[in-house]
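Below is the file structure.txt, which contains compact mmCIF, C-alpha atoms.
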# COMPACT_ATOMS: atom_id res chain seq x y z
CA MET A 4 -48.36 -63.50 -63.16
CA ALA A 5 -47.87 -61.20 -65.81
CA PRO A 6 -51.50 -60.24 -66.22
CA SER A 7 -51.89 -59.27 -62.52
CA ALA A 8 -48.77 -57.19 -62.49
CA PRO A 9 -50.23 -54.43 -64.56
CA ARG A 10 -53.26 -54.45 -62.32
CA THR A 11 -51.04 -54.13 -59.29
CA ARG A 12 -49.12 -51.41 -60.96
CA ALA A 13 -52.29 -49.68 -61.93
CA ALA A 14 -53.67 -50.14 -58.40
CA ALA A 15 -50.39 -48.85 -56.95
CA ALA A 16 -50.42 -45.91 -59.31
CA LEU A 17 -54.04 -45.29 -58.41
CA ARG A 18 -53.18 -45.64 -54.74
CA MET A 19 -50.29 -43.17 -55.21
CA LYS A 20 -52.62 -40.72 -56.96
CA GLN A 21 -55.15 -41.12 -54.11
CA ILE A 22 -52.43 -40.42 -51.55
CA ALA A 23 -51.30 -37.41 -53.57
CA LEU A 24 -54.89 -36.17 -53.76
CA ASP A 25 -55.35 -36.71 -50.01
CA ASN A 26 -52.11 -34.79 -49.37
CA GLN A 27 -53.24 -32.01 -51.67
CA ASP A 28 -56.66 -31.97 -49.93
CA ARG A 29 -54.97 -31.66 -46.51
CA THR A 30 -52.67 -28.96 -47.89
CA ILE A 31 -55.67 -27.12 -49.32
CA ARG A 32 -57.54 -27.36 -45.98
CA ARG A 33 -54.47 -26.25 -44.10
CA LEU A 34 -53.96 -23.35 -46.53
CA ARG A 35 -57.68 -22.45 -46.28
CA ALA A 36 -57.38 -22.46 -42.48
CA GLN A 37 -54.26 -20.27 -42.73
CA LEU A 38 -56.10 -18.03 -45.20
CA ALA A 39 -59.06 -17.73 -42.81
CA THR A 40 -56.66 -16.95 -39.93
CA GLU A 41 -54.87 -14.38 -42.08
CA ARG A 42 -58.22 -12.85 -43.09
CA ARG A 43 -59.27 -12.60 -39.43
CA GLY A 44 -55.88 -11.07 -38.60
CA LEU A 45 -56.26 -8.71 -41.54
CA ALA A 46 -59.75 -7.71 -40.34
CA VAL A 47 -58.37 -7.04 -36.85
CA THR A 48 -55.48 -5.09 -38.37
CA LYS A 49 -57.91 -3.08 -40.55
CA LYS A 50 -60.03 -2.35 -37.47
CA GLU A 51 -56.95 -1.28 -35.48
CA LEU A 52 -55.82 0.84 -38.44
CA LYS A 53 -59.20 2.55 -38.58
CA GLU A 54 -59.14 3.17 -34.82
CA THR A 55 -55.58 4.48 -35.12
CA GLN A 56 -56.65 6.80 -37.94
CA VAL A 57 -59.56 8.13 -35.86
CA ALA A 58 -57.27 8.63 -32.87
CA LEU A 59 -54.66 10.28 -35.10
CA GLU A 60 -57.28 12.68 -36.51
CA ALA A 61 -58.47 13.48 -33.00
CA SER A 62 -54.88 14.06 -31.89
CA HIS A 63 -54.33 16.28 -34.91
CA LYS A 64 -57.40 18.34 -33.98
CA VAL A 65 -56.17 18.61 -30.39
CA ILE A 66 -52.72 19.66 -31.59
CA VAL A 67 -54.24 22.28 -33.89
CA GLY A 68 -56.39 23.56 -31.02
CA LEU A 69 -53.44 23.68 -28.64
CA THR A 70 -51.34 25.42 -31.27
CA GLU A 71 -54.05 28.06 -31.69
CA ILE A 72 -54.26 28.47 -27.92
CA GLY A 73 -50.46 28.74 -27.73
CA LEU A 74 -50.39 31.39 -30.45
CA SER A 75 -53.20 33.30 -28.76
CA MET A 76 -51.37 33.15 -25.43
CA SER A 77 -48.13 34.26 -27.09
CA LYS A 78 -49.93 37.28 -28.52
CA LYS A 79 -51.43 38.05 -25.11
CA VAL A 80 -48.01 37.73 -23.47
CA GLU A 81 -46.55 40.12 -26.04
CA ARG A 82 -49.37 42.60 -25.44
CA MET A 83 -48.83 42.27 -21.68
CA LYS A 84 -45.10 42.90 -22.13
CA VAL A 85 -45.83 46.03 -24.18
CA LYS A 86 -48.35 47.19 -21.58
CA LYS A 87 -45.86 46.50 -18.79
CA GLN A 88 -43.24 48.58 -20.60
CA GLN A 89 -45.76 51.40 -21.04
CA VAL A 90 -46.71 51.25 -17.37
CA LYS A 91 -43.05 51.27 -16.40
CA ALA A 92 -42.38 54.25 -18.68
CA ASN A 93 -45.38 56.09 -17.21
CA HIS A 94 -44.18 55.26 -13.70
CA VAL A 95 -40.69 56.59 -14.48
CA GLU A 96 -42.19 59.74 -15.98
CA CYS A 97 -44.46 60.31 -12.97
CA HIS A 98 -41.55 59.61 -10.61
CA GLN A 99 -39.44 62.19 -12.44
CA LYS A 100 -42.27 64.75 -12.28
CA PHE A 101 -42.72 64.15 -8.56
CA GLN A 102 -38.98 64.38 -7.99
CA THR A 103 -38.97 67.69 -9.88
CA ARG A 104 -41.87 68.97 -7.77
CA ILE A 105 -40.15 67.80 -4.59
CA HIS A 106 -36.93 69.59 -5.58
CA GLU A 107 -38.89 72.73 -6.45
CA ALA A 108 -40.70 72.57 -3.10
CA GLU A 109 -37.39 72.00 -1.28
CA ASP A 110 -35.82 74.93 -3.15
CA SER A 111 -38.83 77.10 -2.30
CA MET A 112 -38.67 76.05 1.34
CA GLN A 113 -34.95 76.80 1.43
CA ALA A 114 -35.55 80.22 -0.11
CA GLN A 115 -38.34 80.91 2.39
CA HIS A 116 -36.09 79.74 5.23
CA LEU A 117 -33.34 82.11 4.05
CA ILE A 118 -35.88 84.95 3.84
CA ILE A 119 -37.13 84.14 7.34
CA GLU A 120 -33.56 84.10 8.65
CA ALA A 121 -32.88 87.42 6.94
CA LEU A 122 -36.07 88.90 8.42
CA VAL A 123 -35.17 87.58 11.89
CA ASP A 124 -31.69 89.05 11.53
CA GLU A 125 -33.18 92.34 10.33
CA LYS A 126 -35.66 92.32 13.26
CA ASP A 127 -32.82 91.70 15.69
CA SER A 128 -30.84 94.48 14.06
CA LEU A 129 -33.79 96.87 14.24
CA LEU A 130 -34.44 95.96 17.88
CA GLN A 131 -30.79 96.54 18.63
CA THR A 132 -30.91 99.89 16.83
CA ILE A 133 -34.06 100.87 18.76
CA HIS A 134 -32.42 99.81 22.00
CA ASP A 135 -29.27 101.74 21.17
CA LEU A 136 -31.30 104.84 20.29
CA GLN A 137 -33.29 104.56 23.51
CA GLU A 138 -30.10 104.27 25.54
CA ALA A 139 -28.71 107.25 23.71
CA ASN A 140 -31.87 109.22 24.53
CA ASN A 141 -32.17 107.71 28.04
CA THR A 142 -35.71 106.53 27.48
CA PRO A 143 -37.00 103.26 28.82
CA ALA A 144 -37.45 100.41 26.38
CA PRO A 145 -41.09 99.93 25.46
CA PHE A 146 -40.53 96.22 25.06
CA ASP A 147 -37.76 93.77 25.66
CA GLY A 148 -37.83 91.99 22.32
CA ASP A 149 -40.53 89.48 23.14
CA TRP A 150 -43.81 90.27 21.61
CA GLU A 151 -46.76 89.76 23.85
CA GLU A 152 -50.09 89.45 22.30
CA GLY A 153 -52.99 91.15 23.98
CA PRO A 154 -56.32 89.52 24.60
CA GLU A 155 -57.99 88.48 21.45
CA GLU A 156 -60.86 90.63 20.39
CA GLU A 157 -64.07 88.92 19.59
CA PRO A 158 -65.40 89.70 16.13
CA GLU A 159 -68.46 91.86 15.95
CA GLU A 160 -71.66 89.97 15.52
CA ILE A 161 -73.61 90.88 12.44
CA GLU A 162 -77.29 91.15 12.94
CA ASP A 163 -79.42 88.99 10.76
CA ILE A 164 -81.77 91.14 8.74
CA PRO A 165 -84.97 89.30 7.98
CA LEU A 166 -85.75 88.81 4.35
CA GLY A 167 -87.85 91.63 2.93
CA GLU A 168 -86.72 94.26 5.44
CA GLY A 169 -84.12 96.89 4.90
CA GLU A 170 -83.16 98.82 1.84
CA ILE A 171 -81.04 97.71 -1.06
CA ASP A 172 -78.84 100.36 -2.60
CA ASP A 173 -77.90 99.51 -6.19
CA GLU A 174 -75.52 102.39 -6.58

Full structure transcribed into structure tokens:
Amino acid sequence: MAPSAPRTRAAAALRMKQIALDNQDRTIRRLRAQLATERRGLAVTKKELKETQVALEASHKVIVGLTEIGLSMSKKVERMKVKKQQVKANHVECHQKFQTRIHEAEDSMQAQHLIIEALVDEKDSLLQTIHDLQEANNTPAPFDGDWEEGPEEEPEEIEDIPLGEGEIDDE
């Protein structure tokens, strides 16, 4: 039995090596499958990364555009504020000028009213003096203080002189 024992041992060792090789082969296939899955996942990830980069660049361009628009609008708003202040200042200035003119007109009207009152008082005084003088002289009053206007006179009509007739005196 001795001679078959080494053959059995050798066959067992060979069988063990075959099993080990089969295990390694399965491990290699499993690892290759995992590697292929990882490569596919990596390809998908690379594709997503590329899409994300494109989207990020587009977003960056949009942000830059919006920032430029915002800055432009800010400048316009500032210009509008300055213009509004100028308009307000002009309005205040015009309002003050009109107020000054109104006060001047009111002062002028008041002065004219005082003059009119003084003239009316003077007229009344003169009428009273005339009346007193007439009573002192026993003459009838020519009027009673109310002025009556006579009939209006029509203006004279000017004859039309035809062109070329008549004399022109240059002196």

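Counting from atom CA of A:Met19, the distance to atom CA of A:Ile31 is 17.9 Å.
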
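In this structure, atom CA of A:His116 sits 22.1 Å away from atom CA of A:Gln131.
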
Fill in the blank from the handout: Expressed in Å, the length from atom CA of A:Glu54 to atom CA of A:Gln37 is 25.2 Å

Step by step, gather every atom of stretch 86-97 of chain A that the file lists, find the box along x, y and z that holds them, add 8 Å on each side, and finally give centre and edge lengths in Å to one decimal, as lines of an AutoDock Vina configuration file.
center_x = -44.5
center_y = 53.4
center_z = -17.3
size_x = 23.7
size_y = 29.8
size_z = 24.6
